[in-house]
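Structure, as structure tokens:
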Amino acid sequence: MLSLVVLAAVFHAEPGWNGFRGAGLGAVYLEMKAPTKWSENENVVWKVALPGSGSSSPVVWEEKAYIVCYSGYGVEGAGGKVADLKRHLVALELKTGKEVWQVQVKGVAGEDGYRGYLTEHGYASSTPAVDGNGVYAYLGKSGLHAYDHGGKKLWEADCGQESDPRGWGSAASPIMVGDLVVVNAASESRAILAFDRKTGKQVWKAEGGTLALSFGTPVLAKGLDGVENLLVGAPGEIWALNPKTGKLVWYAPLRGRGNISPSVVAGMVQGESLAFVTGGFESKGTTALRVGGKVEPKGGRQAWEVGASSYVPTPLLHAGRLYWVDEMAALKVLDASTGKVAHEGKLPLKERGGRSRPVYASLVLVGDKLYCQTRREGVFVLSTGEKPEVVGQNRVEDGGDFSATPVPVEGGLLLRSSKMLYRVGEK
């Protein structure tokens, strides 16, 4: 059972944050507002102890929030056996944080052992997707599971039980593409998989060996020619798939030739439809590409390429600028049309040791402020523009790890640690 502390609130939620980085995977919500100041004793609407750990974000649909956790094995300090691993999908009242329902799914034989970088994020790293019919949770080797909003199971689909070469486990999140739910099951089957969202029947499969170290969530982007691409970054290359069939439309080389953890970012920049791919440890880099059909766009497929990169957090595109705070808390602002670094700095963290990478979460833009969740030192609030400045730093303490990207809700944010879920907002 969840342990709940309700502190105050009256809100009317709107559908919108329906998957990783929200509607359109852009993490930009200009019409919403969130506080710039909170603490344990200020602007915390409610907090709830979760039934297990995890680093995935919650999602929101109407008056409910949904979140995935894991327990039984691989929880920091708890020991256990891999056979005891189970994952939880929990539905909460957005207004109060009260549990509405919870389901549990056992792990399968061959789950990756709790060692190496898997200990940094655990077994619940994929953010669910949600629509009017229900919620879709990708549970790694246990597959893709669909439930209606009352907690009734609709279907489940096998996505494979392989392991990536480094045993890091799943990280990509499912997305809704028309009548399909699409999953980057690179770790489990070296494939991108698409399922009918009502029946769970597999509709198409796009597979390839280079996906072995692809951890990002696919994203949709439409070219100036009207052709829609489903974009996935992989070591050394980007795939552009037909979202209805999974057939390859085009691919292009990338500067980043190591594993690709951030998701592709896409949008319009000075009249061009561009996609941005970053990552590639240890061979790093960021590449901007023109999207669209098989015919190479005017000016070529590649718009620019630079050596700067973010290894874990996904960048944010807004007003012609590409922002990121990378895994080492380095802030960069790039001109999205040229790749030129307009500004760089560092978050003023007190501790840079202990945790090798102090930031896993991606930036979120709410109103005119950027919100950066760090793993141990709270959320930094930054101004936008060519040279962002820190305008606030806010912490709630529970001894857990905050690796999940914040989720905007009316008047505030949902913040997830490895132990708790918080709703912060002005009262």
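In the structure tokens, each chain is lettered A, B, ... as it comes, each chain's residues begin at 1, and ligands are numbered from 1 in order of appearance.
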
Item to complete: Report as a ChimeraX atom specification: the residues of stretch 205-340 of chain A with a DSSP assignment of strand (DSSP E or B), based on the backbone of this structure.
Response: /A:205-207,214,219-222,228-234,237-241,248-253,259-260,265-269,272-279,281,285-290,302-306,316-318,321-325,330-335

Within 6 Å of stretch 304-307 of chain A: each stretch 227-294 of chain A residue with its shortest pair, only C-alpha atoms, as CSV:
residue,atom,partner,partner_atom,distance
A:Gly285,CA,A:Gly307,CA,4.3
A:Thr286,CA,A:Val306,CA,5.4
A:Thr287,CA,A:Glu305,CA,4.4
A:Ala288,CA,A:Trp304,CA,5.3

Save the residues we just selected, N, CA and C atoms, as a PDB file, in the first residue's frame?
ATOM      1  N   GLY A 285      29.212  13.700 -29.822  1.00  0.00           N
ATOM      2  CA  GLY A 285      28.917  14.737 -30.788  1.00  0.00           C
ATOM      3  C   GLY A 285      27.430  14.991 -30.890  1.00  0.00           C
ATOM      4  N   THR A 286      27.081  16.083 -31.591  1.00  0.00           N
ATOM      5  CA  THR A 286      25.689  16.428 -31.858  1.00  0.00           C
ATOM      6  C   THR A 286      25.556  16.726 -33.339  1.00  0.00           C
ATOM      7  N   THR A 287      24.537  16.140 -33.970  1.00  0.00           N
ATOM      8  CA  THR A 287      24.311  16.304 -35.402  1.00  0.00           C
ATOM      9  C   THR A 287      22.900  16.822 -35.636  1.00  0.00           C
ATOM     10  N   ALA A 288      22.772  17.819 -36.507  1.00  0.00           N
ATOM     11  CA  ALA A 288      21.467  18.329 -36.917  1.00  0.00           C
ATOM     12  C   ALA A 288      21.198  17.878 -38.343  1.00  0.00           C
TER      13      ALA A 288
END

For stretch 136-156 of chain A against stretch 95-117 of chain A, with a cut-off of 9 Å and counting only C-alpha atoms, what is the closest atom pair and its distance in Å to one decimal for every residue that makes the cut, ordered by chain and number, as a Markdown table?
| residue | atom | partner | partner_atom | distance |
| --- | --- | --- | --- | --- |
| A:Leu139 | CA | A:Val105 | CA | 8.4 |
| A:Gly140 | CA | A:Glu111 | CA | 8.8 |
| A:Lys141 | CA | A:Val108 | CA | 6.6 |
| A:Ser142 | CA | A:Gly107 | CA | 5.9 |
| A:Gly150 | CA | A:Trp101 | CA | 7.5 |
| A:Gly151 | CA | A:Trp101 | CA | 6.3 |

Please produce a file of those selected residues containing N, CA and C atoms, as a PDB file, in the first residue's frame.
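Done, and the output landed in part.pdb:
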ATOM      1  N   LEU A 139       7.753  -2.729 -19.731  1.00  0.00           N
ATOM      2  CA  LEU A 139       8.382  -3.309 -18.549  1.00  0.00           C
ATOM      3  C   LEU A 139       9.561  -4.188 -18.925  1.00  0.00           C
ATOM      4  N   GLY A 140      10.357  -3.731 -19.892  1.00  0.00           N
ATOM      5  CA  GLY A 140      11.579  -4.435 -20.259  1.00  0.00           C
ATOM      6  C   GLY A 140      11.297  -5.840 -20.760  1.00  0.00           C
ATOM      7  N   LYS A 141      12.007  -6.806 -20.206  1.00  0.00           N
ATOM      8  CA  LYS A 141      11.863  -8.193 -20.650  1.00  0.00           C
ATOM      9  C   LYS A 141      10.468  -8.751 -20.370  1.00  0.00           C
ATOM     10  N   SER A 142       9.711  -8.098 -19.470  1.00  0.00           N
ATOM     11  CA  SER A 142       8.339  -8.535 -19.203  1.00  0.00           C
ATOM     12  C   SER A 142       7.355  -8.025 -20.249  1.00  0.00           C
ATOM     13  N   GLY A 150      -9.437   2.076 -15.414  1.00  0.00           N
ATOM     14  CA  GLY A 150      -9.904   1.485 -14.171  1.00  0.00           C
ATOM     15  C   GLY A 150      -8.998   0.394 -13.650  1.00  0.00           C
ATOM     16  N   GLY A 151      -7.896   0.122 -14.356  1.00  0.00           N
ATOM     17  CA  GLY A 151      -6.951  -0.897 -13.916  1.00  0.00           C
ATOM     18  C   GLY A 151      -7.186  -2.271 -14.512  1.00  0.00           C
TER      19      GLY A 151
END

Counting only C-alpha atoms, give me one row per residue of stretch 213-284 of chain A with an atom at most 10 Å from an atom of stretch 17-25 of chain A, showing the shortest contact pair and its distance in Å to one decimal, sorted by chain then residue number, as a tab-separated table.
residue	atom	partner	partner_atom	distance
A:Thr217	CA	A:Phe20	CA	7.9
A:Pro218	CA	A:Leu25	CA	9.1
A:Val219	CA	A:Leu25	CA	6.9
A:Leu220	CA	A:Gly24	CA	7.6
A:Ala221	CA	A:Gly24	CA	9.1
A:Ser263	CA	A:Leu25	CA	8.9
A:Val264	CA	A:Leu25	CA	9.2
A:Val265	CA	A:Leu25	CA	7.8
A:Ala266	CA	A:Leu25	CA	8.8
A:Gly267	CA	A:Gly24	CA	9.9

How about saving the chosen residues, all heavy atoms kept, as a PDB file, in the first residue's frame?
ATOM      1  N   THR A 217      14.020   7.326 -26.784  1.00  0.00           N
ATOM      2  CA  THR A 217      12.631   7.162 -27.201  1.00  0.00           C
ATOM      3  C   THR A 217      12.455   7.702 -28.614  1.00  0.00           C
ATOM      4  O   THR A 217      12.910   8.808 -28.917  1.00  0.00           O
ATOM      5  CB  THR A 217      11.707   7.922 -26.235  1.00  0.00           C
ATOM      6  OG1 THR A 217      11.863   7.365 -24.919  1.00  0.00           O
ATOM      7  CG2 THR A 217      10.251   7.842 -26.659  1.00  0.00           C
ATOM      8  N   PRO A 218      11.802   6.960 -29.516  1.00  0.00           N
ATOM      9  CA  PRO A 218      11.561   7.472 -30.879  1.00  0.00           C
ATOM     10  C   PRO A 218      10.726   8.753 -30.850  1.00  0.00           C
ATOM     11  O   PRO A 218       9.974   9.008 -29.907  1.00  0.00           O
ATOM     12  CB  PRO A 218      10.794   6.324 -31.543  1.00  0.00           C
ATOM     13  CG  PRO A 218      11.125   5.110 -30.735  1.00  0.00           C
ATOM     14  CD  PRO A 218      11.288   5.598 -29.338  1.00  0.00           C
ATOM     15  N   VAL A 219      10.844   9.544 -31.920  1.00  0.00           N
ATOM     16  CA  VAL A 219      10.082  10.792 -32.011  1.00  0.00           C
ATOM     17  C   VAL A 219       9.583  10.974 -33.443  1.00  0.00           C
ATOM     18  O   VAL A 219      10.233  10.550 -34.398  1.00  0.00           O
ATOM     19  CB  VAL A 219      10.947  11.999 -31.581  1.00  0.00           C
ATOM     20  CG1 VAL A 219      12.101  12.228 -32.545  1.00  0.00           C
ATOM     21  CG2 VAL A 219      10.123  13.257 -31.431  1.00  0.00           C
ATOM     22  N   LEU A 220       8.409  11.588 -33.591  1.00  0.00           N
ATOM     23  CA  LEU A 220       7.838  11.883 -34.900  1.00  0.00           C
ATOM     24  C   LEU A 220       8.251  13.273 -35.357  1.00  0.00           C
ATOM     25  O   LEU A 220       8.289  14.212 -34.553  1.00  0.00           O
ATOM     26  CB  LEU A 220       6.312  11.825 -34.843  1.00  0.00           C
ATOM     27  CG  LEU A 220       5.648  10.448 -34.904  1.00  0.00           C
ATOM     28  CD1 LEU A 220       4.158  10.600 -34.627  1.00  0.00           C
ATOM     29  CD2 LEU A 220       5.879   9.781 -36.254  1.00  0.00           C
ATOM     30  N   ALA A 221       8.544  13.418 -36.646  1.00  0.00           N
ATOM     31  CA  ALA A 221       8.853  14.725 -37.225  1.00  0.00           C
ATOM     32  C   ALA A 221       8.416  14.728 -38.688  1.00  0.00           C
ATOM     33  O   ALA A 221       8.584  13.731 -39.394  1.00  0.00           O
ATOM     34  CB  ALA A 221      10.342  15.041 -37.115  1.00  0.00           C
ATOM     35  N   SER A 263      17.077  11.055 -26.340  1.00  0.00           N
ATOM     36  CA  SER A 263      16.143  10.901 -27.456  1.00  0.00           C
ATOM     37  C   SER A 263      16.428  11.955 -28.516  1.00  0.00           C
ATOM     38  O   SER A 263      17.005  13.012 -28.233  1.00  0.00           O
ATOM     39  CB  SER A 263      14.706  11.053 -26.960  1.00  0.00           C
ATOM     40  OG  SER A 263      14.412  10.063 -25.994  1.00  0.00           O
ATOM     41  N   VAL A 264      16.018  11.672 -29.750  1.00  0.00           N
ATOM     42  CA  VAL A 264      16.102  12.654 -30.820  1.00  0.00           C
ATOM     43  C   VAL A 264      15.167  13.818 -30.489  1.00  0.00           C
ATOM     44  O   VAL A 264      14.077  13.627 -29.960  1.00  0.00           O
ATOM     45  CB  VAL A 264      15.714  12.019 -32.166  1.00  0.00           C
ATOM     46  CG1 VAL A 264      15.719  13.063 -33.284  1.00  0.00           C
ATOM     47  CG2 VAL A 264      16.655  10.869 -32.505  1.00  0.00           C
ATOM     48  N   VAL A 265      15.602  15.037 -30.791  1.00  0.00           N
ATOM     49  CA  VAL A 265      14.780  16.242 -30.632  1.00  0.00           C
ATOM     50  C   VAL A 265      14.495  16.789 -32.021  1.00  0.00           C
ATOM     51  O   VAL A 265      15.389  16.832 -32.871  1.00  0.00           O
ATOM     52  CB  VAL A 265      15.523  17.300 -29.784  1.00  0.00           C
ATOM     53  CG1 VAL A 265      14.744  18.602 -29.729  1.00  0.00           C
ATOM     54  CG2 VAL A 265      15.760  16.760 -28.377  1.00  0.00           C
ATOM     55  N   ALA A 266      13.248  17.193 -32.282  1.00  0.00           N
ATOM     56  CA  ALA A 266      12.892  17.661 -33.617  1.00  0.00           C
ATOM     57  C   ALA A 266      12.010  18.893 -33.544  1.00  0.00           C
ATOM     58  O   ALA A 266      11.258  19.087 -32.585  1.00  0.00           O
ATOM     59  CB  ALA A 266      12.174  16.553 -34.390  1.00  0.00           C
ATOM     60  N   GLY A 267      12.104  19.758 -34.576  1.00  0.00           N
ATOM     61  CA  GLY A 267      11.264  20.944 -34.633  1.00  0.00           C
ATOM     62  C   GLY A 267      11.654  21.857 -35.774  1.00  0.00           C
ATOM     63  O   GLY A 267      12.633  21.608 -36.496  1.00  0.00           O
TER      64      GLY A 267
END

Worksheet entry | Per-residue DSSP, stretch 13-210 of chain A, filtered to helix (DSSP H, G or I), as JSON, numbers by chain | {"A": [23, 24, 25, 82, 83, 84, 118, 119, 120, 121, 140, 141, 142, 186, 187, 188, 189, 209, 210]}

Discussion item. Give me, as a list in words, all polymer residues having an atom no more than 9 Å from A:Ala329, counting only C-alpha atoms and skipping those fewer than 3 positions away in the same chain.
Written reply: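 So, after excluding close chain neighbours, the residues are Val325, Asp326, Gly345, Lys346, Leu347, Pro348, Leu349, Arg352, Arg357, Pro358, Val359 and Thr374 of chain A.
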
Once you count only C-alpha atoms, what closest atom pair and distance in Å to one decimal does each residue of stretch 312-371 of chain A within 10 Å of stretch 387-394 of chain A have, with rows by chain and rising residue number, as a Markdown table?
| residue | atom | partner | partner_atom | distance |
| --- | --- | --- | --- | --- |
| A:Tyr323 | CA | A:Pro388 | CA | 9.5 |
| A:Leu331 | CA | A:Pro388 | CA | 8.8 |
| A:Lys332 | CA | A:Lys387 | CA | 9.1 |
| A:Val333 | CA | A:Lys387 | CA | 7.5 |
| A:Ala342 | CA | A:Lys387 | CA | 7.7 |
| A:His343 | CA | A:Lys387 | CA | 5.8 |
| A:Glu344 | CA | A:Lys387 | CA | 8.0 |
| A:Gly345 | CA | A:Lys387 | CA | 9.1 |
| A:Leu347 | CA | A:Val390 | CA | 7.9 |
| A:Pro348 | CA | A:Val390 | CA | 8.9 |
| A:Lys369 | CA | A:Val391 | CA | 9.0 |
| A:Leu370 | CA | A:Pro388 | CA | 8.7 |
| A:Tyr371 | CA | A:Gly392 | CA | 9.5 |

Discussion item. I want to know what sits within 12 Å of A:Leu89, based on only C-alpha atoms, with residues of the same chain fewer than 6 positions away left out; could you give that as a PyMOL selection string?
Written reply: chain A and resi 50-54+56-59+65-71+99-106+124+126-129+135-139+144-149+151-153

With C-alpha atoms retained, write the just-selected residues as a PDB file, in the first residue's frame.
ATOM      1  CA  LEU A  50       5.932   4.708  -3.734  1.00  0.00           C
ATOM      2  CA  PRO A  51       5.790   0.880  -3.552  1.00  0.00           C
ATOM      3  CA  GLY A  52       9.204   0.616  -5.179  1.00  0.00           C
ATOM      4  CA  SER A  53      12.114   2.375  -6.815  1.00  0.00           C
ATOM      5  CA  GLY A  54      12.541   3.706 -10.350  1.00  0.00           C
ATOM      6  CA  SER A  56      10.812   6.856 -15.000  1.00  0.00           C
ATOM      7  CA  SER A  57       8.557   9.908 -14.995  1.00  0.00           C
ATOM      8  CA  PRO A  58       4.847   9.866 -14.187  1.00  0.00           C
ATOM      9  CA  VAL A  59       2.294  10.624 -16.902  1.00  0.00           C
ATOM     10  CA  ALA A  65      -1.269  10.269 -12.671  1.00  0.00           C
ATOM     11  CA  TYR A  66       0.372   6.947 -13.573  1.00  0.00           C
ATOM     12  CA  ILE A  67       3.823   5.794 -12.526  1.00  0.00           C
ATOM     13  CA  VAL A  68       5.971   2.650 -12.843  1.00  0.00           C
ATOM     14  CA  CYS A  69       8.125   1.275  -9.995  1.00  0.00           C
ATOM     15  CA  TYR A  70      10.009  -1.930  -9.209  1.00  0.00           C
ATOM     16  CA  SER A  71      10.646  -3.900  -6.023  1.00  0.00           C
ATOM     17  CA  GLU A  99      -3.829   5.496  -4.811  1.00  0.00           C
ATOM     18  CA  VAL A 100      -6.683   4.518  -7.142  1.00  0.00           C
ATOM     19  CA  TRP A 101      -5.323   1.150  -8.235  1.00  0.00           C
ATOM     20  CA  GLN A 102      -2.091  -0.793  -8.583  1.00  0.00           C
ATOM     21  CA  VAL A 103      -1.025  -3.812 -10.614  1.00  0.00           C
ATOM     22  CA  GLN A 104       2.122  -5.901 -10.291  1.00  0.00           C
ATOM     23  CA  VAL A 105       3.994  -7.796 -13.003  1.00  0.00           C
ATOM     24  CA  LYS A 106       6.680 -10.350 -12.163  1.00  0.00           C
ATOM     25  CA  ALA A 124      11.696   0.923 -14.029  1.00  0.00           C
ATOM     26  CA  SER A 126      10.641   3.623 -19.108  1.00  0.00           C
ATOM     27  CA  THR A 127       7.931   6.271 -18.746  1.00  0.00           C
ATOM     28  CA  PRO A 128       4.432   4.975 -19.620  1.00  0.00           C
ATOM     29  CA  ALA A 129       2.305   6.357 -22.448  1.00  0.00           C
ATOM     30  CA  VAL A 135      -2.135   3.415 -20.132  1.00  0.00           C
ATOM     31  CA  TYR A 136       0.726   1.504 -21.793  1.00  0.00           C
ATOM     32  CA  ALA A 137       3.712   0.469 -19.683  1.00  0.00           C
ATOM     33  CA  TYR A 138       6.911  -0.937 -21.148  1.00  0.00           C
ATOM     34  CA  LEU A 139       8.382  -3.309 -18.549  1.00  0.00           C
ATOM     35  CA  LEU A 144       4.483  -4.054 -23.099  1.00  0.00           C
ATOM     36  CA  HIS A 145       1.330  -4.032 -20.936  1.00  0.00           C
ATOM     37  CA  ALA A 146      -1.916  -2.135 -21.548  1.00  0.00           C
ATOM     38  CA  TYR A 147      -4.566  -1.331 -18.905  1.00  0.00           C
ATOM     39  CA  ASP A 148      -7.723   0.728 -19.048  1.00  0.00           C
ATOM     40  CA  HIS A 149      -8.182   3.692 -16.725  1.00  0.00           C
ATOM     41  CA  GLY A 151      -6.951  -0.897 -13.916  1.00  0.00           C
ATOM     42  CA  LYS A 152      -8.411  -3.696 -16.084  1.00  0.00           C
ATOM     43  CA  LYS A 153      -5.796  -5.438 -18.180  1.00  0.00           C
TER      44      LYS A 153
END

Discussion item. With distances taken over only C-alpha atoms, which residue among A:Ala212, A:Met32, A:Leu230, A:Ala83 lies nearest A:Val182?
Written reply: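 Using only C-alpha atoms, A:Val182 sits closest to A:Leu230.
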
Discussion item. For a quick check of understanding, using only C-alpha atoms, which of A:Glu377, A:Glu296, A:Asp398, A:Asp225 has the smallest distance to A:Ser417?
Written reply: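 Of A:Glu377, A:Glu296, A:Asp398, A:Asp225, the one nearest A:Ser417 is A:Asp398, counting only C-alpha atoms.
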
Practice prompt. Find the spatial neighbours of A:Gly169, counting only C-alpha atoms, within a cut-off of 7 Å - ignore same-chain residues fewer than 4 positions away - and output them as a PyMOL selection string.
Written response: chain A and resi 112+118+163-164+187

Would you save the residues of that selection, restricted to N, CA and C atoms, as a JSON list (two decimals), in the first residue's frame?
[["chain", "number", "residue", "atom", "x", "y", "z"],
["A", 112, "ASP", "N", 18.53, -8.84, -16.40],
["A", 112, "ASP", "CA", 19.91, -8.43, -16.21],
["A", 112, "ASP", "C", 20.22, -8.26, -14.74],
["A", 118, "LEU", "N", 23.47, -0.37, -14.61],
["A", 118, "LEU", "CA", 22.06, -0.64, -14.31],
["A", 118, "LEU", "C", 21.72, -0.18, -12.89],
["A", 163, "SER", "N", 19.57, -9.11, -24.07],
["A", 163, "SER", "CA", 20.22, -8.06, -23.28],
["A", 163, "SER", "C", 21.14, -7.26, -24.18],
["A", 164, "ASP", "N", 21.26, -5.97, -23.89],
["A", 164, "ASP", "CA", 22.23, -5.18, -24.64],
["A", 164, "ASP", "C", 23.64, -5.61, -24.24],
["A", 187, "SER", "N", 17.28, -3.12, -26.46],
["A", 187, "SER", "CA", 17.95, -4.01, -25.52],
["A", 187, "SER", "C", 17.39, -5.43, -25.58]]

Practice prompt. Tell me which of A:Asp131, A:Glu272, A:Gly258, A:Gly226 sits closest to A:Gly299, counting only C-alpha atoms.
Written response: A:Glu272

Worksheet entry | Point-to-point distance from atom CA of A:Glu76 to atom CA of A:Tyr123, Å rounded to tenths |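 Atom-to-atom, atom CA of A:Glu76 and atom CA of A:Tyr123 are spaced 11.8 Å apart.
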
Worksheet item: Excluding same-chain residues fewer than 2 positions from A:Gly399, what lies within 10 Å of it counting only C-alpha atoms, as a VMD selection string?
Response: chain A and resid 376 396 to 397 401 to 402 417 to 420

Worksheet item: Can you list, as a list in words, every protein, DNA or RNA residue that comes within 7 Å of A:Pro313 when you count only C-alpha atoms, leaving out same-chain residues fewer than 4 positions away?
Response: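 Listing them by chain and then by number gives Pro262, Asp326, Glu327, Tyr360, Ala361 and Ser362 of chain A.
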
Next, the residues of the selection above should be written as a PDB file, in the first residue's frame with C-alpha atoms.
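Saved to again-v9.pdb:
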ATOM      1  CA  PRO A 262      19.220  10.878 -25.234  1.00  0.00           C
ATOM      2  CA  ASP A 326      24.379  17.398 -19.411  1.00  0.00           C
ATOM      3  CA  GLU A 327      25.094  14.503 -17.063  1.00  0.00           C
ATOM      4  CA  TYR A 360      20.006  12.208 -15.484  1.00  0.00           C
ATOM      5  CA  ALA A 361      16.723  14.106 -15.970  1.00  0.00           C
ATOM      6  CA  SER A 362      15.989  16.230 -19.051  1.00  0.00           C
TER       7      SER A 362
END

Discussion item. Using only C-alpha atoms, can you tell me which of A:Leu254, A:Ala27, A:Leu382, A:Leu415 comes closest to A:Arg395?
Written reply: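 Ranked by minimum distance to A:Arg395, first place goes to A:Leu415.
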